[in-house]
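Engineer: Just so it is clear, I am handing over input.cif, which has mmCIF, C-alpha atoms.
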```cif
data_protein
#
loop_
_atom_site.label_atom_id
_atom_site.label_comp_id
_atom_site.auth_asym_id
_atom_site.auth_seq_id
_atom_site.Cartn_x
_atom_site.Cartn_y
_atom_site.Cartn_z
CA MET A 1 207.95 161.19 142.89
CA ALA A 2 209.66 158.13 141.43
CA PHE A 3 209.17 157.10 137.81
CA LEU A 4 209.37 153.55 136.58
CA ASN A 5 212.41 152.78 134.43
CA LEU A 6 211.10 150.31 131.87
CA SER A 7 213.18 148.99 128.99
CA SER A 8 210.37 148.82 126.43
CA PRO A 9 209.35 152.04 124.59
CA HIS A 10 206.08 153.61 125.65
CA HIS A 11 205.02 155.14 122.33
CA HIS A 12 205.35 154.07 118.72
CA ASN A 13 205.22 156.13 115.57
CA LEU A 14 203.50 153.63 113.28
CA SER A 15 204.93 155.13 110.08
CA LYS A 16 208.48 154.88 111.43
CA THR A 17 207.85 151.38 112.78
CA SER A 18 206.52 150.19 109.43
CA SER A 19 209.54 151.65 107.63
CA ILE A 20 211.96 149.83 109.96
CA MET A 21 210.04 146.57 109.58
CA MET A 22 210.14 146.92 105.79
CA TRP A 23 213.91 147.29 105.81
CA VAL A 24 214.25 144.26 108.09
CA LEU A 25 212.12 142.18 105.72
CA LEU A 26 214.16 143.30 102.71
CA ALA A 27 217.42 142.47 104.50
CA THR A 28 216.34 138.85 105.00
CA ILE A 29 216.05 138.30 101.24
CA PRO A 30 219.73 137.31 100.61
CA GLY A 31 219.54 134.66 103.33
CA LEU A 32 216.14 133.49 102.12
CA LEU A 33 217.42 133.05 98.55
CA VAL A 34 220.56 131.15 99.61
CA GLN A 35 218.57 128.99 102.02
CA THR A 36 216.07 128.18 99.27
CA TYR A 37 218.91 127.36 96.86
CA PHE A 38 220.35 124.76 99.21
CA TYR A 39 217.18 123.33 100.78
CA GLY A 40 214.53 123.76 98.12
CA TYR A 41 210.99 125.13 98.29
CA GLY A 42 210.39 124.29 101.94
CA THR A 43 211.60 127.63 103.28
CA LEU A 44 209.36 129.54 100.85
CA ILE A 45 206.36 127.40 101.79
CA ASN A 46 207.06 128.00 105.48
CA LEU A 47 207.34 131.73 104.86
CA ILE A 48 204.06 132.05 102.97
CA TRP A 49 202.16 129.89 105.47
CA ALA A 50 203.67 131.66 108.50
CA SER A 51 202.88 135.10 107.02
CA VAL A 52 199.23 134.21 106.39
CA LEU A 53 198.90 132.80 109.89
CA ALA A 54 200.60 135.76 111.55
CA VAL A 55 198.44 138.38 109.83
CA ALA A 56 195.24 136.40 110.43
CA LEU A 57 196.00 135.80 114.12
CA GLU A 58 197.02 139.42 114.57
CA ALA A 59 193.70 140.58 113.12
CA ILE A 60 191.68 138.15 115.24
CA VAL A 61 193.38 139.17 118.48
CA LEU A 62 193.08 142.87 117.67
CA ARG A 63 189.37 142.42 117.04
CA LEU A 64 188.98 140.60 120.36
CA ARG A 65 190.89 143.38 122.10
CA ARG A 66 188.74 145.99 120.30
CA ARG A 67 191.76 147.67 118.78
CA PRO A 68 191.96 149.13 115.26
CA ILE A 69 193.12 146.39 112.92
CA ARG A 70 194.51 148.16 109.87
CA PRO A 71 197.12 150.42 111.57
CA HIS A 72 198.53 147.57 113.63
CA ILE A 73 198.64 145.17 110.68
CA ALA A 74 200.34 147.85 108.59
CA ASP A 75 203.22 148.30 111.06
CA GLY A 76 204.74 145.04 109.73
CA SER A 77 205.71 143.57 113.11
CA ALA A 78 203.59 140.44 112.59
CA LEU A 79 205.25 139.81 109.21
CA VAL A 80 208.73 140.21 110.72
CA THR A 81 207.85 137.61 113.36
CA ALA A 82 206.56 135.29 110.62
CA PHE A 83 209.71 135.74 108.51
CA LEU A 84 212.05 135.04 111.43
CA LEU A 85 210.15 131.90 112.37
CA ALA A 86 209.98 130.65 108.79
CA LEU A 87 213.73 131.16 108.34
CA ALA A 88 214.55 129.48 111.65
CA LEU A 89 212.26 126.46 111.28
CA PRO A 90 213.51 123.44 109.28
CA PRO A 91 212.52 123.46 105.58
CA PHE A 92 210.66 120.17 106.12
CA SER A 93 208.38 121.53 108.82
CA PRO A 94 204.77 120.26 108.54
CA TRP A 95 201.91 122.75 108.50
CA TRP A 96 200.93 122.18 112.13
CA LEU A 97 204.44 122.88 113.45
CA THR A 98 204.46 126.33 111.86
CA LEU A 99 200.93 126.92 113.13
CA VAL A 100 201.92 126.18 116.73
CA ALA A 101 205.03 128.37 116.51
CA VAL A 102 203.19 131.36 115.03
CA LEU A 103 200.21 130.94 117.38
CA PHE A 104 202.35 131.15 120.50
CA ALA A 105 204.50 133.93 119.05
CA ILE A 106 201.61 136.24 118.12
CA VAL A 107 198.94 135.43 120.71
CA PHE A 108 200.89 134.52 123.84
CA ALA A 109 204.33 136.15 123.50
CA LYS A 110 203.08 139.40 121.95
CA HIS A 111 199.43 140.23 122.66
CA LEU A 112 199.15 138.54 126.04
CA TYR A 113 201.51 141.27 127.30
CA GLY A 114 199.69 144.11 125.55
CA GLY A 115 201.03 144.05 122.00
CA LEU A 116 204.03 145.63 120.28
CA GLY A 117 206.21 147.57 122.70
CA ASN A 118 205.02 145.77 125.81
CA ASN A 119 206.25 142.22 125.22
CA PRO A 120 209.27 141.34 127.38
CA PHE A 121 210.31 138.34 125.25
CA ASN A 122 211.04 138.13 121.54
CA PRO A 123 207.87 136.55 120.05
CA ALA A 124 209.66 134.56 117.35
CA MET A 125 212.05 133.03 119.87
CA VAL A 126 209.18 132.09 122.19
CA GLY A 127 207.43 130.21 119.37
CA TYR A 128 210.67 128.56 118.25
CA ALA A 129 211.75 127.50 121.76
CA LEU A 130 208.32 126.04 122.53
CA CYS A 131 208.40 123.87 119.39
CA LEU A 132 212.00 122.84 120.04
CA ILE A 133 211.07 121.54 123.48
CA ALA A 134 207.68 120.05 122.57
CA PHE A 135 208.49 118.60 119.12
CA PRO A 136 212.25 117.87 119.00
CA VAL A 137 211.99 115.31 116.19
CA SER A 138 210.11 117.61 113.80
CA MET A 139 212.47 120.46 114.66
CA THR A 140 215.48 118.45 113.49
CA GLN A 141 214.21 117.49 110.02
CA TRP A 142 217.02 119.16 108.07
CA ALA A 143 217.47 117.54 104.67
CA SER A 144 220.77 117.03 102.96
CA PRO A 145 221.37 119.83 100.39
CA GLU A 146 222.20 117.15 97.82
CA ILE A 147 218.58 115.93 97.84
CA THR A 148 216.22 117.98 95.71
CA LEU A 149 212.43 117.71 95.75
CA SER A 150 209.92 119.15 93.32
CA LEU A 151 207.39 121.72 94.49
CA GLY A 152 204.70 119.05 94.44
CA GLN A 153 206.75 116.67 96.60
CA GLN A 154 207.55 119.46 99.02
CA LEU A 155 203.88 120.43 99.34
CA GLN A 156 202.94 116.79 99.84
CA TRP A 157 205.35 116.52 102.74
CA PHE A 158 204.16 119.86 104.13
CA TRP A 159 200.52 118.72 104.32
CA LEU A 160 200.77 114.92 104.73
CA GLU A 161 204.31 114.32 106.08
CA GLN A 162 204.93 111.70 103.42
CA ILE A 163 206.18 111.65 99.85
CA ASP A 164 205.21 109.29 97.06
CA GLY A 165 208.12 107.24 95.78
CA GLY A 166 209.43 105.88 99.06
CA ILE A 167 211.72 108.75 99.99
CA ASP A 168 212.45 108.14 103.67
CA ALA A 169 216.17 108.82 104.23
CA TRP A 170 216.74 112.45 103.43
CA THR A 171 217.71 114.01 106.75
CA GLN A 172 221.20 114.52 108.11
CA ALA A 173 222.87 115.91 111.20
CA THR A 174 223.55 119.63 111.09
CA PRO A 175 227.14 120.89 111.47
CA LEU A 176 226.39 121.95 115.04
CA ASP A 177 225.04 118.48 115.85
CA LEU A 178 228.19 116.89 114.46
CA MET A 179 230.46 119.22 116.41
CA ARG A 180 228.52 118.67 119.63
CA HIS A 181 228.12 114.88 119.40
CA THR A 182 231.48 113.71 118.10
CA LYS A 183 231.02 110.02 119.04
CA GLY A 184 234.58 109.83 120.28
CA LEU A 185 236.13 111.33 117.13
CA THR A 186 238.27 114.45 117.00
CA LEU A 187 237.06 117.45 115.00
CA ASN A 188 239.74 116.83 112.37
CA GLU A 189 238.50 113.25 111.91
CA LEU A 190 234.91 114.49 111.65
CA SER A 191 235.85 117.13 109.08
CA SER A 192 237.53 114.59 106.83
CA SER A 193 234.35 112.48 106.58
CA ASN A 194 231.74 115.28 106.73
CA PRO A 195 232.03 117.93 103.99
CA GLN A 196 229.38 120.11 105.68
CA LEU A 197 231.98 121.03 108.32
CA ASN A 198 234.03 122.69 105.58
CA LEU A 199 232.64 126.24 105.81
CA GLY A 200 233.75 127.15 102.32
CA LEU A 201 231.59 124.38 100.84
CA SER A 202 228.81 124.01 103.40
CA ALA A 203 225.29 125.34 103.09
CA SER A 204 225.51 126.73 106.62
CA GLY A 205 228.53 128.87 105.81
CA TRP A 206 226.94 130.43 102.73
CA ILE A 207 223.62 131.03 104.50
CA ASN A 208 225.35 132.80 107.39
CA ALA A 209 227.34 134.91 104.93
CA ALA A 210 224.07 135.96 103.26
CA TYR A 211 222.51 137.01 106.58
CA LEU A 212 225.71 138.88 107.41
CA LEU A 213 225.31 140.80 104.16
CA GLY A 214 221.71 141.67 105.03
CA GLY A 215 222.71 142.70 108.55
CA LEU A 216 225.45 145.01 107.26
CA ALA A 217 222.87 146.64 104.98
CA LEU A 218 220.67 147.35 108.02
CA LEU A 219 223.66 148.84 109.83
CA ALA A 220 224.35 151.06 106.82
CA LYS A 221 220.70 152.23 106.91
CA ARG A 222 221.07 152.87 110.67
CA VAL A 223 218.08 150.68 111.46
CA PHE A 224 219.97 149.72 114.64
CA THR A 225 223.36 150.46 116.18
CA TRP A 226 226.37 148.18 116.05
CA HIS A 227 226.64 147.56 119.80
CA ALA A 228 224.50 144.44 120.34
CA PRO A 229 225.48 142.41 117.23
CA VAL A 230 229.20 143.21 117.49
CA ALA A 231 229.23 142.41 121.22
CA MET A 232 227.44 139.11 120.59
CA LEU A 233 229.75 138.01 117.78
CA ALA A 234 232.86 139.18 119.65
CA SER A 235 231.99 137.36 122.89
CA LEU A 236 231.05 134.16 121.04
CA GLY A 237 234.21 134.32 118.93
CA PHE A 238 236.41 135.07 121.94
CA CYS A 239 235.05 132.17 124.01
CA ALA A 240 235.26 129.78 121.07
CA GLY A 241 238.79 130.86 120.16
CA LEU A 242 240.01 130.63 123.75
CA PHE A 243 238.74 127.08 124.26
CA HIS A 244 239.81 126.01 120.76
CA MET A 245 243.39 127.06 121.50
CA GLY A 246 243.38 124.90 124.61
CA GLU A 247 241.69 121.81 123.10
CA PRO A 248 241.52 122.09 119.28
CA ASP A 249 240.34 118.49 118.92
CA LEU A 250 237.36 119.01 121.23
CA TYR A 251 236.19 122.60 120.73
CA PRO A 252 235.27 124.06 117.32
CA SER A 253 237.07 127.18 116.17
CA ALA A 254 235.65 130.70 116.35
CA THR A 255 234.99 130.66 112.61
CA GLN A 256 232.99 127.45 112.88
CA HIS A 257 230.87 128.93 115.67
CA LEU A 258 230.28 132.18 113.80
CA PHE A 259 229.31 130.63 110.46
CA THR A 260 227.18 127.67 111.52
CA GLY A 261 223.65 127.46 112.80
CA ALA A 262 221.64 130.67 113.12
CA THR A 263 224.53 132.87 114.29
CA MET A 264 224.25 135.73 111.81
CA LEU A 265 220.45 135.60 111.69
CA ALA A 266 220.34 135.97 115.46
CA ALA A 267 223.05 138.64 115.61
CA PHE A 268 221.49 141.06 113.15
CA PHE A 269 217.78 140.25 113.15
CA ILE A 270 216.89 139.03 116.67
CA VAL A 271 219.41 140.38 119.18
CA THR A 272 218.77 143.87 117.75
CA ASP A 273 215.04 143.80 118.58
CA PRO A 274 214.46 147.28 120.11
CA VAL A 275 211.58 146.09 122.32
CA THR A 276 213.07 143.08 124.08
CA SER A 277 216.76 144.01 124.30
CA ALA A 278 218.51 146.66 126.38
CA THR A 279 218.09 150.27 125.29
CA SER A 280 221.25 152.13 126.33
CA ARG A 281 224.49 151.74 124.40
CA LYS A 282 226.29 150.18 127.35
CA GLY A 283 223.26 148.00 127.94
CA LYS A 284 223.31 146.77 124.36
CA LEU A 285 226.96 145.80 124.73
CA VAL A 286 226.18 143.85 127.91
CA PHE A 287 223.07 142.30 126.34
CA GLY A 288 224.90 141.16 123.19
CA ALA A 289 227.88 139.85 125.12
CA GLY A 290 225.56 137.90 127.41
CA VAL A 291 223.87 136.25 124.43
CA GLY A 292 227.20 135.26 122.90
CA ILE A 293 228.54 133.75 126.14
CA LEU A 294 225.31 131.83 126.79
CA VAL A 295 225.30 130.49 123.23
CA PHE A 296 228.83 129.17 123.62
CA ILE A 297 228.02 127.53 126.97
CA ILE A 298 224.83 125.86 125.73
CA ARG A 299 226.42 124.78 122.45
CA SER A 300 229.40 123.26 124.25
CA TYR A 301 227.73 121.64 127.23
CA GLY A 302 223.94 121.65 126.68
CA SER A 303 221.54 119.38 124.84
CA TYR A 304 220.54 121.93 122.18
CA PRO A 305 223.41 122.57 119.76
CA ASP A 306 222.29 125.95 118.40
CA ALA A 307 220.95 127.47 121.65
CA PHE A 308 220.12 130.94 120.35
CA ALA A 309 216.45 130.84 121.33
CA PHE A 310 217.25 130.03 124.95
CA ALA A 311 220.16 132.46 125.17
CA ILE A 312 218.09 135.34 123.80
CA LEU A 313 215.08 134.59 126.02
CA LEU A 314 217.31 134.50 129.11
CA MET A 315 218.82 137.86 128.20
CA ASN A 316 215.35 139.27 127.42
CA LEU A 317 214.52 138.47 131.03
CA SER A 318 217.63 140.38 132.14
CA ALA A 319 217.13 143.44 129.90
CA PRO A 320 215.26 145.62 132.48
CA LEU A 321 217.96 144.97 135.09
CA ILE A 322 220.69 145.76 132.56
CA ASP A 323 218.96 149.04 131.69
CA THR A 324 218.71 149.97 135.36
CA TYR A 325 222.49 149.88 135.79
CA THR A 326 223.58 151.18 132.38
CA GLN A 327 221.37 154.23 131.81
CA PRO A 328 223.51 157.31 131.08
CA LYS A 329 223.52 160.11 133.63
CA ALA A 330 221.35 163.10 132.79
CA TYR A 331 223.27 166.22 131.80
CA GLY A 332 224.07 168.38 134.83
CA HIS A 333 223.67 165.53 137.33
CA HIS A 334 226.56 164.00 139.24
CA GLN A 335 226.96 160.61 140.82
CA LYS A 336 226.27 160.56 144.55
CA HIS A 337 229.20 159.88 146.85
CA ASN A 338 229.14 158.15 150.18
CA GLN A 339 230.07 160.20 153.24
CA GLY A 340 233.17 158.08 153.67
CA ASP A 341 234.44 159.23 150.24
CA ARG A 342 234.42 162.94 151.19
#
```
Rewrite the coordinates I just gave you, this time as structure tokens.

Structural biologist:
Amino acid sequence: MAFLNLSSPHHHNLSKTSSIMMWVLLATIPGLLVQTYFYGYGTLINLIWASVLAVALEAIVLRLRRRPIRPHIADGSALVTAFLLALALPPFSPWWLTLVAVLFAIVFAKHLYGGLGNNPFNPAMVGYALCLIAFPVSMTQWASPEITLSLGQQLQWFWLEQIDGGIDAWTQATPLDLMRHTKGLTLNELSSSNPQLNLGLSASGWINAAYLLGGLALLAKRVFTWHAPVAMLASLGFCAGLFHMGEPDLYPSATQHLFTGATMLAAFFIVTDPVTSATSRKGKLVFGAGVGILVFIIRSYGSYPDAFAFAILLMNLSAPLIDTYTQPKAYGHHQKHNQGDR
């Protein structure tokens, strides 16, 4: 009798799941604080709104599915999805953009497949990728850190997409946008006229350092193993360093790739998702390395500079196949040999 080899777990201990989710939420706090420091109240508004939406939609779908609401709400998975979306979305996201992202993450990417443990794709990345494709202008509204808005102005933009006082020129290209679309300039020329490419001074560099700190705390608590995040960062850094050595004026350095965009957030909070990634240790190495290589390729040659959502979703699709070929042999069993090898 043959048994199916599925990558997703078949049973969840809700108390253990809720404890893991709590640690993940706590580990995002350093990045949340630094992101709020540089970009204002928008990230906090996104987080509160996304959390309310995620819990409400989770309860509605559970009621429609005739499942117990309180235990599934208490496991914290909906809040983790909300936090990841809120941290990934631009601080100037309007209310409807967050609504669409959370709706597709909770209803379609999670419960359409049967709920936690059955979803093949990371829900937060499904919601993010959908909005990136459908609403590219709203998904690129990243304000300059030098521009500060009051809480009232931020709320006004959140609900009405306009601000009293005629503020209309507050967005700027992200470091990844600048490095991807150089407009004929070398990276050294871009760096001299764009301080945000200086990682020691840029908001992106400090935000990634904060998420790295939170990720290391999760590793210390053994919430996940090191295999997937290290493999992802190593493969991305290797590809970036290799191409940078060949054409330093065209390809950003490994450090610039590792500390811009959502690199550290993805490495420690998304790639490590136990449901949608590979499960064996070898599989996690392959999964993480695949994400890193795809990110470099899409960043260097694609239309979407950050690329993590697409890279992770493509590797989610490959996770069952990776598990099939990387599962460890059971103790006492030996690999079969062909007759020609005898």

Engineer: When you draw a straight line from CA of Leu314 in chain A to CA of Ser280 in chain A, how long is it in Å?

Structural biologist: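 If I compute the distance from CA of Leu314 in chain A to CA of Ser280 in chain A, I get 18.3 Å.
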
Engineer: Quick one: which residues end up in the PyMOL selection byres ((chain A and resi 80) around 12) for this structure, as a PyMOL selection string?

Structural biologist: chain A and resi 17-28+47+50-51+54-55+73-79+81-87+102+105-106+116+122-124+269-270+273

Engineer: With distances taken over all atoms listed in the file, which of A:His244, A:Ala309, A:Arg281, A:Ser303 is nearest to Cys131 in chain A?

Structural biologist: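 With all atoms listed in the file as the atom set, the closest residue is A:Ala309.
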
Engineer: CA of Val126 in chain A and CA of Ala101 in chain A are how many Å apart?

Structural biologist: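 Computing the Euclidean distance for CA of Val126 in chain A and CA of Ala101 in chain A yields 8.0 Å.
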
Engineer: Pick the closest to Phe92 in chain A from A:Leu216, A:Leu321, A:Ala254, A:Val137: which is it, counting only C-alpha atoms?

Structural biologist: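 Using only C-alpha atoms, the shortest distance to Phe92 in chain A belongs to A:Val137.
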
Engineer: Ile29 in chain A: which residues within 9 Å, counting only C-alpha atoms, same-chain residues fewer than 5 positions away excluded, as a PyMOL selection string?

Structural biologist: chain A and resi 34+210-211+214

Engineer: Produce a file of the selected residues containing C-alpha atoms, as a short mmCIF file (atom, residue, chain, number, x, y, z; two decimals), in the frame of the given file.

Structural biologist:
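This is the output file part_31.cif:
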```
data_model
loop_
_atom_site.label_atom_id
_atom_site.label_comp_id
_atom_site.auth_asym_id
_atom_site.auth_seq_id
_atom_site.Cartn_x
_atom_site.Cartn_y
_atom_site.Cartn_z
CA VAL A 34 220.56 131.15 99.61
CA ALA A 210 224.07 135.96 103.26
CA TYR A 211 222.51 137.01 106.58
CA GLY A 214 221.71 141.67 105.03
#
```

Engineer: What do you get, as a ChimeraX atom specification, if you spell out every residue that the PyMOL selection byres ((chain A and resi 289) around 8) selects here?

Structural biologist: /A:228,231-236,285-288,290-293

Engineer: Would you compute the distance between CA of Ile163 in chain A and CA of Gly261 in chain A? Give it in Å to one decimal.

Structural biologist: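 Between CA of Ile163 in chain A and CA of Gly261 in chain A the gap works out to 26.9 Å.
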
Engineer: Tell me which of A:Gly302, A:Gly40, A:Gly283, A:Pro136 sits closest to Thr326 in chain A, counting all atoms listed in the file.

Structural biologist: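 Looking at the shortest contact to Thr326 in chain A, the residue is A:Gly283.
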
Engineer: Under the rule that all atoms listed in the file are counted, which of A:His72, A:Lys284, A:Arg63, A:His257 is the nearest residue to Val230 in chain A?

Structural biologist: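 For Val230 in chain A, the nearest of the candidates is A:Lys284.
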
Engineer: Between A:Thr272, A:Thr98, A:Thr255, A:Gln162, which has the minimum distance to Val52 in chain A (counting all atoms listed in the file)?

Structural biologist: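 So, comparing all the options, the nearest one is A:Thr98.
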
Engineer: Mind telling me what the PyMOL selection byres ((chain A and resi 151) around 12) catches here, as a list in words?

Structural biologist: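 So the PyMOL selection byres ((chain A and resi 151) around 12) ends up selecting Thr36, Tyr39, Gly40, Tyr41, Gly42, Thr43, Leu44, Ile45, Thr148, Leu149, Ser150, Gly152, Gln153, Gln154, Leu155, Gln156, Trp157, Phe158 and Ile163 of chain A.
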
Engineer: Using all atoms listed in the file, find the one residue out of A:Leu212, A:Ile297, A:Cys239, A:Val61 that sits nearest to Gly114 in chain A.

Structural biologist: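 Under the stated criterion, the closest residue is A:Val61.
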